[in-house]
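J.: Have a peek at upload_17.txt (compact mmCIF, C-alpha atoms and all ligand atoms).
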```
# COMPACT_ATOMS: atom_id res chain seq x y z
CA MET A 1 113.69 71.05 126.81
CA PRO A 2 111.33 68.50 125.18
CA THR A 3 113.03 66.05 122.86
CA LEU A 4 111.87 64.49 119.62
CA PRO A 5 110.84 60.85 119.78
CA THR A 6 112.97 58.63 117.59
CA GLY A 7 111.83 56.17 114.93
CA GLN A 8 108.81 56.12 112.65
CA ALA A 9 105.62 57.78 113.83
CA GLY A 10 102.91 55.32 114.62
CA GLY A 11 100.22 55.04 117.26
CA ARG A 12 100.25 57.81 119.84
CA GLN A 13 103.37 59.79 119.20
CA ALA A 14 103.59 63.38 120.28
CA ILE A 15 106.12 65.51 118.44
CA TRP A 16 106.92 67.41 121.61
CA HIS A 17 106.61 65.45 124.83
CA ASN A 18 105.47 68.55 126.65
CA TYR A 19 102.96 69.41 123.94
CA PRO A 20 100.85 66.27 123.44
CA MET A 21 98.27 68.29 121.48
CA ILE A 22 100.76 68.50 118.58
CA ILE A 23 100.32 65.17 116.84
CA THR A 24 101.71 63.66 113.68
CA THR A 25 100.17 64.31 110.31
CA LYS A 26 100.12 60.53 109.89
CA GLU A 27 97.74 60.17 112.82
CA LEU A 28 95.47 62.91 111.51
CA PHE A 29 95.39 61.49 107.98
CA ALA A 30 94.66 57.99 109.22
CA ALA A 31 91.65 59.33 111.11
CA ALA A 32 90.41 61.50 108.25
CA TYR A 33 91.02 59.34 105.18
CA ARG A 34 87.81 59.09 103.14
CA LYS A 35 85.78 60.33 106.13
CA PHE A 36 86.47 64.07 106.11
CA SER A 37 89.06 66.61 104.98
CA LEU A 38 91.25 68.61 107.34
CA GLY A 39 91.61 72.35 106.94
CA ALA A 40 95.28 73.33 106.55
CA TYR A 41 95.53 77.02 107.37
CA ASN A 42 98.51 79.30 106.69
CA ILE A 43 99.47 81.61 109.52
CA ASN A 44 101.82 84.59 109.69
CA ASN A 45 101.18 86.48 112.91
CA LEU A 46 99.77 86.47 116.44
CA GLU A 47 96.23 87.44 115.52
CA GLN A 48 95.93 84.72 112.89
CA ILE A 49 97.25 82.10 115.28
CA VAL A 50 94.85 83.08 118.07
CA GLY A 51 91.87 83.30 115.67
CA LEU A 52 92.80 79.89 114.25
CA PHE A 53 92.90 78.20 117.65
CA ARG A 54 89.64 79.82 118.73
CA GLY A 55 87.87 78.78 115.52
CA ASN A 56 89.00 75.18 115.88
CA ARG A 57 88.04 75.13 119.54
CA ASP A 58 84.57 76.51 118.71
CA SER A 59 84.01 73.94 115.96
CA LYS A 60 85.70 71.07 117.85
CA ALA A 61 87.92 70.31 114.89
CA PRO A 62 91.36 68.75 114.47
CA PHE A 63 93.45 70.87 112.09
CA ILE A 64 96.75 71.54 110.40
CA ILE A 65 98.59 74.78 110.99
CA GLN A 66 100.99 75.55 108.19
CA ILE A 67 103.93 77.86 107.87
CA SER A 68 105.30 78.89 104.48
CA LYS A 69 108.85 79.87 103.62
CA GLY A 70 107.69 83.52 103.52
CA ALA A 71 106.02 83.20 106.93
CA ARG A 72 109.21 81.72 108.40
CA SER A 73 111.26 84.67 107.24
CA TYR A 74 108.64 87.39 108.00
CA THR A 75 110.16 87.96 111.44
CA ASP A 76 112.03 85.04 112.91
CA LYS A 77 110.67 81.54 112.49
CA THR A 78 111.20 80.77 116.17
CA LEU A 79 108.69 83.47 117.12
CA LEU A 80 105.86 81.76 115.21
CA GLU A 81 106.91 78.43 116.69
CA ALA A 82 106.82 79.87 120.21
CA LEU A 83 103.35 81.34 119.64
CA ILE A 84 102.04 78.03 118.36
CA ARG A 85 103.51 76.10 121.27
CA GLN A 86 102.04 78.56 123.73
CA CYS A 87 98.63 78.35 122.07
CA GLY A 88 98.94 74.59 122.39
CA THR A 89 99.23 75.16 126.13
CA LEU A 90 96.36 77.66 126.23
CA PHE A 91 94.08 75.34 124.23
CA PRO A 92 95.17 71.97 125.67
CA ASP A 93 92.14 70.05 124.41
CA LEU A 94 92.85 70.69 120.72
CA LEU A 95 94.75 68.33 118.42
CA PHE A 96 96.74 69.63 115.49
CA ALA A 97 99.73 69.03 113.27
CA VAL A 98 102.35 71.62 112.31
CA HIS A 99 103.33 71.59 108.64
CA LEU A 100 105.93 73.36 106.49
CA ASP A 101 104.12 74.64 103.39
CA HIS A 102 105.90 74.75 99.99
CA GLY A 103 109.39 74.14 101.30
CA ASP A 104 112.47 73.96 99.10
CA GLU A 105 114.99 71.28 99.97
CA GLN A 106 116.92 73.46 102.41
CA ASN A 107 113.74 74.62 104.23
CA CYS A 108 112.72 70.98 104.56
CA HIS A 109 116.03 69.85 106.04
CA ASP A 110 116.05 72.82 108.46
CA SER A 111 112.46 72.18 109.52
CA ILE A 112 113.06 68.45 110.00
CA ASP A 113 116.11 69.21 112.14
CA SER A 114 114.23 71.81 114.19
CA GLY A 115 112.12 69.03 115.72
CA PHE A 116 109.06 71.28 115.64
CA TYR A 117 107.23 70.13 112.54
CA SER A 118 104.88 67.15 112.22
CA SER A 119 105.37 67.17 108.44
CA VAL A 120 107.03 69.08 105.64
CA MET A 121 106.07 69.76 102.05
CA ILE A 122 108.87 69.51 99.52
CA ASP A 123 107.74 71.40 96.46
CA ALA A 124 110.00 70.49 93.57
CA SER A 125 107.05 70.36 91.19
CA MET A 126 108.65 72.95 88.90
CA GLU A 127 111.53 70.51 88.22
CA PRO A 128 111.47 67.79 85.58
CA PHE A 129 110.03 64.48 86.85
CA GLU A 130 113.32 62.71 87.61
CA LYS A 131 114.77 65.73 89.42
CA ASN A 132 111.56 66.09 91.45
CA VAL A 133 111.88 62.39 92.39
CA GLU A 134 115.54 62.80 93.34
CA ILE A 135 114.97 65.84 95.59
CA THR A 136 111.81 64.42 97.17
CA LYS A 137 113.56 61.12 97.94
CA ARG A 138 116.34 62.90 99.82
CA VAL A 139 113.80 64.80 101.94
CA VAL A 140 111.76 61.63 102.59
CA GLU A 141 114.87 59.78 103.76
CA HIS A 142 115.79 62.52 106.23
CA ALA A 143 112.21 63.08 107.45
CA HIS A 144 111.31 59.42 107.94
CA ALA A 145 114.44 58.81 109.98
CA LYS A 146 112.97 61.32 112.43
CA GLY A 147 109.33 60.22 112.33
CA ILE A 148 108.24 63.20 110.21
CA ARG A 149 105.88 62.88 107.23
CA VAL A 150 106.42 64.33 103.77
CA GLU A 151 103.98 65.90 101.32
CA ALA A 152 105.26 66.26 97.77
CA GLU A 153 103.76 67.73 94.62
CA ILE A 154 103.48 66.58 91.08
CA GLY A 155 101.82 68.55 88.34
CA GLN A 156 101.71 72.34 88.51
CA LEU A 157 99.00 74.60 89.82
CA GLY A 158 98.26 77.91 88.13
CA GLY A 159 98.69 81.16 90.07
CA VAL A 160 101.53 82.29 92.27
CA GLU A 161 103.48 79.57 93.98
CA GLU A 162 106.21 80.89 96.26
CA HIS A 163 107.00 83.77 93.95
CA ILE A 164 106.88 81.66 90.82
CA ASN A 165 104.13 82.82 88.49
CA VAL A 166 102.52 79.90 86.74
CA ASP A 167 100.06 81.11 84.15
CA GLU A 168 97.03 79.09 83.14
CA ALA A 169 98.62 77.86 79.94
CA ASN A 170 101.59 76.49 81.85
CA ALA A 171 99.63 74.88 84.66
CA HIS A 172 99.73 71.11 84.23
CA LEU A 173 97.20 68.76 85.70
CA THR A 174 98.66 65.82 87.60
CA ASP A 175 98.97 62.72 85.44
CA PRO A 176 97.59 59.68 87.37
CA ALA A 177 100.14 57.15 86.06
CA GLN A 178 103.00 59.53 86.73
CA ALA A 179 101.62 60.24 90.20
CA LYS A 180 101.65 56.51 90.98
CA GLU A 181 105.22 56.15 89.75
CA PHE A 182 106.23 59.24 91.73
CA VAL A 183 104.79 57.96 95.03
CA GLU A 184 106.35 54.53 94.51
CA LYS A 185 109.77 55.98 93.70
CA THR A 186 109.88 58.64 96.42
CA GLY A 187 108.02 57.01 99.33
CA CYS A 188 106.30 60.34 100.07
CA ASP A 189 103.39 60.11 102.50
CA SER A 190 100.89 62.40 100.81
CA LEU A 191 100.61 64.01 97.43
CA ALA A 192 99.56 67.51 96.38
CA VAL A 193 97.72 67.23 93.09
CA ALA A 194 97.02 69.81 90.41
CA VAL A 195 93.37 69.39 89.43
CA GLY A 196 92.48 72.90 88.33
CA THR A 197 92.84 75.01 91.46
CA SER A 198 95.39 77.81 91.71
CA HIS A 199 96.93 79.96 94.40
CA GLY A 200 95.83 83.50 95.17
CA ALA A 201 92.65 85.55 94.74
CA TYR A 202 92.26 85.21 90.98
CA LYS A 203 91.38 81.62 90.22
CA PHE A 204 89.30 80.56 87.25
CA SER A 205 89.77 83.69 85.20
CA GLY A 206 88.99 81.80 82.01
CA SER A 207 87.31 78.45 81.74
CA GLN A 208 89.21 76.85 84.63
CA LYS A 209 87.38 74.57 87.04
CA ILE A 210 88.09 71.65 89.32
CA HIS A 211 88.67 68.61 87.14
CA PHE A 212 86.77 66.01 89.15
CA ASN A 213 87.33 63.33 86.52
CA ARG A 214 91.06 63.78 86.88
CA LEU A 215 90.80 63.74 90.68
CA GLN A 216 88.88 60.48 90.48
CA GLU A 217 91.50 58.95 88.17
CA ILE A 218 94.31 59.99 90.50
CA ALA A 219 92.45 58.56 93.51
CA ALA A 220 91.92 55.28 91.64
CA ALA A 221 95.62 55.07 90.75
CA LEU A 222 96.64 55.79 94.35
CA PRO A 223 94.33 53.89 96.71
CA GLY A 224 95.17 54.64 100.33
CA VAL A 225 97.42 57.60 99.51
CA PRO A 226 96.25 60.83 101.17
CA LEU A 227 95.81 63.58 98.58
CA VAL A 228 96.15 67.31 99.16
CA MET A 229 94.41 70.17 97.40
CA HIS A 230 96.26 73.46 97.32
CA GLY A 231 94.81 76.75 96.12
CA SER A 232 91.41 76.03 97.68
CA SER A 233 90.31 79.42 98.95
CA SER A 234 86.77 80.34 97.97
CA VAL A 235 87.34 84.11 97.68
CA PRO A 236 83.80 84.89 98.97
CA GLN A 237 82.18 87.51 96.77
CA ASP A 238 80.63 89.34 99.73
CA GLU A 239 84.14 89.68 101.18
CA VAL A 240 85.42 91.05 97.86
CA ALA A 241 82.49 93.51 97.71
CA LYS A 242 83.16 94.77 101.25
CA ILE A 243 86.85 95.26 100.48
CA GLU A 244 85.99 97.20 97.34
CA ALA A 245 83.43 99.31 99.24
CA ALA A 246 86.23 100.20 101.66
CA GLY A 247 88.62 101.29 98.93
CA GLY A 248 90.21 98.03 97.74
CA LYS A 249 90.45 97.00 94.10
CA LEU A 250 89.90 93.29 93.56
CA SER A 251 87.71 93.12 90.50
CA GLY A 252 87.73 89.68 88.92
CA ALA A 253 88.77 87.94 92.14
CA LYS A 254 87.21 84.47 92.19
CA GLY A 255 87.74 81.21 94.07
CA VAL A 256 86.71 77.57 94.42
CA SER A 257 83.04 77.10 95.19
CA GLU A 258 82.55 75.72 98.71
CA GLY A 259 80.15 73.11 97.37
CA ASP A 260 83.00 71.67 95.30
CA LEU A 261 85.04 71.11 98.47
CA GLU A 262 82.37 69.47 100.61
CA LYS A 263 82.87 65.92 99.44
CA VAL A 264 86.42 65.81 98.09
CA TYR A 265 87.29 63.49 100.98
CA GLU A 266 85.47 60.82 98.97
CA TYR A 267 88.37 61.06 96.51
CA GLY A 268 90.94 60.65 99.28
CA VAL A 269 91.59 64.40 99.71
CA VAL A 270 92.52 64.67 103.38
CA LYS A 271 94.05 68.15 103.42
CA ILE A 272 92.66 71.36 101.95
CA ASN A 273 94.98 74.39 101.93
CA ILE A 274 93.58 77.83 102.71
CA ASP A 275 95.57 81.04 102.86
CA THR A 276 94.05 83.69 100.58
CA ASP A 277 90.63 83.72 102.31
CA GLY A 278 92.33 84.61 105.59
CA ARG A 279 94.16 87.47 103.87
CA LEU A 280 90.84 88.77 102.54
CA ILE A 281 89.34 88.83 106.03
CA TRP A 282 92.38 90.71 107.32
CA THR A 283 92.10 93.20 104.46
CA ARG A 284 88.35 93.72 104.91
CA VAL A 285 88.56 94.22 108.69
CA HIS A 286 91.43 96.69 108.47
CA ARG A 287 90.10 98.63 105.48
CA GLU A 288 86.70 98.99 107.17
CA TYR A 289 88.31 100.01 110.44
CA PHE A 290 90.36 102.79 108.85
CA ARG A 291 87.42 103.93 106.70
CA ASP A 292 85.01 104.03 109.65
CA THR A 293 87.41 105.21 112.34
CA PRO A 294 89.53 107.95 110.76
CA LYS A 295 90.85 109.01 114.16
CA GLY A 296 91.60 105.44 115.30
CA ILE A 297 95.21 104.65 116.15
CA ASP A 298 94.94 101.63 118.47
CA LEU A 299 96.08 98.59 116.48
CA ARG A 300 94.32 96.35 119.01
CA ASP A 301 90.90 97.59 117.89
CA PRO A 302 91.01 96.08 114.38
CA GLY A 303 93.12 93.22 115.79
CA LYS A 304 90.29 92.15 118.11
CA VAL A 305 87.75 92.27 115.29
CA PHE A 306 90.06 90.28 113.03
CA MET A 307 90.63 87.51 115.59
CA GLN A 308 86.86 87.16 116.04
CA GLU A 309 86.11 87.20 112.31
CA TYR A 310 88.92 84.78 111.49
CA ALA A 311 87.75 82.37 114.22
CA LYS A 312 84.22 82.47 112.74
CA PHE A 313 85.64 81.80 109.27
CA ILE A 314 87.71 78.82 110.47
CA ALA A 315 84.71 77.26 112.20
CA HIS A 316 82.68 77.71 109.01
CA LYS A 317 85.35 76.11 106.79
CA ASN A 318 85.61 73.16 109.16
CA GLU A 319 81.86 72.59 108.74
CA ILE A 320 82.31 72.57 104.96
CA PHE A 321 85.29 70.20 105.06
CA GLY A 322 83.60 67.84 107.53
CA SER A 323 86.29 68.21 110.22
CA ALA A 324 83.98 70.08 112.62
CA ASN A 325 83.04 67.90 115.61
CA GLN A 326 85.68 65.29 114.72
CA LEU A 327 88.05 66.19 117.55
CA GLU A 328 86.91 63.50 119.96
CA ALA A 329 86.80 60.84 117.23
CA VAL A 330 90.45 61.62 116.41
CA ARG A 331 91.41 61.61 120.08
CA ALA A 332 89.81 58.21 120.53
CA LEU A 333 92.07 56.79 117.79
CA LEU A 334 95.32 57.98 119.37
O1 LIG B 401 100.82 78.63 98.49
C1 LIG B 401 101.34 79.58 99.05
C2 LIG B 401 100.73 80.07 100.30
O2 LIG B 401 99.57 80.81 100.05
C3 LIG B 401 101.74 80.82 101.11
O3 LIG B 401 101.94 82.11 100.59
O4 LIG B 401 104.41 82.19 100.35
O5 LIG B 401 103.07 84.30 100.44
O6 LIG B 401 103.36 82.89 102.50
P1 LIG B 401 103.28 82.92 101.00
P1 LIG B 402 94.92 79.75 98.44
O1 LIG B 402 95.75 80.79 97.78
O2 LIG B 402 93.78 79.32 97.56
O3 LIG B 402 94.46 80.11 99.80
O4 LIG B 402 95.85 78.44 98.59
C1 LIG B 402 96.73 78.33 99.67
C2 LIG B 402 97.70 77.22 99.51
O5 LIG B 402 97.61 76.37 98.65
C3 LIG B 402 98.80 77.17 100.49
O6 LIG B 402 99.72 76.17 100.20
ZN ZN B 403 99.92 75.81 98.10
```
Please lay out the structure from this file as structure tokens.

T.:
Amino acid sequence: MPTLPTGQAGGRQAIWHNYPMIITTKELFAAAYRKFSLGAYNINNLEQIVGLFRGNRDSKAPFIIQISKGARSYTDKTLLEALIRQCGTLFPDLLFAVHLDHGDEQNCHDSIDSGFYSSVMIDASMEPFEKNVEITKRVVEHAHAKGIRVEAEIGQLGGVEEHINVDEANAHLTDPAQAKEFVEKTGCDSLAVAVGTSHGAYKFSGSQKIHFNRLQEIAAALPGVPLVMHGSSSVPQDEVAKIEAAGGKLSGAKGVSEGDLEKVYEYGVVKINIDTDGRLIWTRVHREYFRDTPKGIDLRDPGKVFMQEYAKFIAHKNEIFGSANQLEAVRALL
């Protein structure tokens, strides 16, 4: 059984000795900072995992694979972990980090102890500032003792965040001075910032947009601190149209324009979170399959199409984020 290396991550440090392709988020961020952003993709099942690995192989990109609390409890968390490890073996030339997305304190401690994760996100952003600091500090202490990195969040995105509905009026942009104080007090390694994006398929219903001025102010207050943008799906309108043509109802669905994400690495954004766009591809492929193949009963038929379409999507996003063709540059730094 592979064992976890002890001490702080630094230099070449594989999380699993037998899986050297799983690297620390620290190593990835060091390579990417202000040069490109990494796609951080949520996965829930076999087909998504295979499509994700194929897309990153095809675009020669380092990446972050992330597992939410809901994904961990969908079947049994160890099944997803086993699939990821096995894909690591099947795609030995890739480099990636494994990240817990939107963990509560208990999820974080469990994930740190599991020895599987490169990094965890503690999301206590719904708590008052001091409580957020207190919880985040406890997670940082535990994680750092095991060489694992911690993403924390300050400010609140709109949309649905782990079953908490945050409406536009209650979404709070990250305050730069508070962000600086938060990072200093908690020692977190990266910071998720609220700059106008929101989770889910219905972003920007009113006058919302990415607040680049705010992003710039946060970056200036936190030089050298890797920033993370959640809620960054683009909700492609052709995808929405195809889903509606196949019986879905998604009117008003809207996302972040891809052009807005192309250069966010210049503001220190190293990680861009994408989940909803993958769900849309799954929905489109399966709705079209059942519409066009009323007698079809073989789940592998839409599954094959989905894996291919998802791989194409991942390769495309990596081009937008600038992580495509960065695999060898990252490897050279290890
Ligand atoms: O930000 C939340 C992610 O999209 C994960 O969603 O909690 O439904 O897995 P989930
Ligand atoms: P989207 O809902 O925009 O895909 O955001 C995903 C996310 O932030 C996961 O943490
Ligand atoms: Zn998120």

J.: Rank A:Ala61, A:Leu157, A:Cys108, A:Leu299 by their smallest atom-to-atom distance to ligand LIG 401 (chain B), using only C-alpha atoms and all ligand atoms, and report the top residue only.

T.: A:Leu157

J.: Using all atoms listed in the file, which of A:Ser205, A:Ser73, A:Asn44, A:Ser198 sits nearest ligand LIG 402 (chain B)?

T.: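 Of all the options, A:Ser198 lies closest to ligand LIG 402 (chain B).
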
J.: Which polymer residues, protein or nucleic acid, are no farther than 9 Å from (108.7, 73.1, 89.6), counting all atoms listed in the file, as an NGL selection string?

T.: :A and (123-128 or 132 or 153-156 or 164)

J.: Of the candidates A:Val139, A:Leu215, A:Val98, A:Leu191, which one gets nearest to ligand ZN 403 (chain B) if we count all atoms listed in the file?

T.: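 Going through A:Val139, A:Leu215, A:Val98, A:Leu191 one by one, the smallest distance to ligand ZN 403 (chain B) is for A:Leu191.
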
J.: Return as a ChimeraX atom specification every polymer residue, whether protein, DNA or RNA, with at least one atom no more than 8 Å from an atom of ligand ZN 403 (chain B); count all atoms listed in the file.

T.: /A:101-102,161,199,229-231,273

J.: Set the cut-off to 9 Å, count all atoms listed in the file, and list whatever residues fall near ligand LIG 402 (chain B) as an MDAnalysis selection string.

T.: chainID A and resid 40:42 66:68 101:102 159:162 197:203 229:235 255:256 272:279

J.: Counting only C-alpha atoms, find the residues whose atoms lie at most 12 Å from (108.8, 65.5, 103.7) (file coordinates) and write them out as a PyMOL selection string.

T.: chain A and resi 25-26+99-113+117-124+135-153+186-192

J.: Please, what distance in Å, to one decimal, runs between CA of Gly248 in chain A and CA of Tyr289 in chain A?

T.: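 Going from CA of Gly248 in chain A over to CA of Tyr289 in chain A, I get 13.0 Å.
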
J.: One number please: CA of Leu334 in chain A to CA of Ile43 in chain A, in Å, one decimal.

T.: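 One can read the CA of Leu334 in chain A to CA of Ile43 in chain A distance as 25.9 Å.
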
J.: Given all atoms listed in the file as the basis, pick out the residue of A:Ala71, A:Leu28, A:Leu52, A:Leu79 nearest to ligand LIG 401 (chain B).

T.: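 Selected residue with least distance to ligand LIG 401 (chain B): A:Ala71.
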
J.: Do you have the CA of Lys249 in chain A-CA of Gly303 in chain A distance handy?

T.: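 CA of Gly303 in chain A lies at a distance of 22.2 Å from CA of Lys249 in chain A.
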
J.: For Ala311 in chain A, find every residue with an atom within 8 Å (counting only C-alpha atoms), except residues of its own chain fewer than 5 positions away, and show them as a list in words.

T.: Gly51, Leu52, Phe53, Arg54, Gly55 and Asn56 of chain A
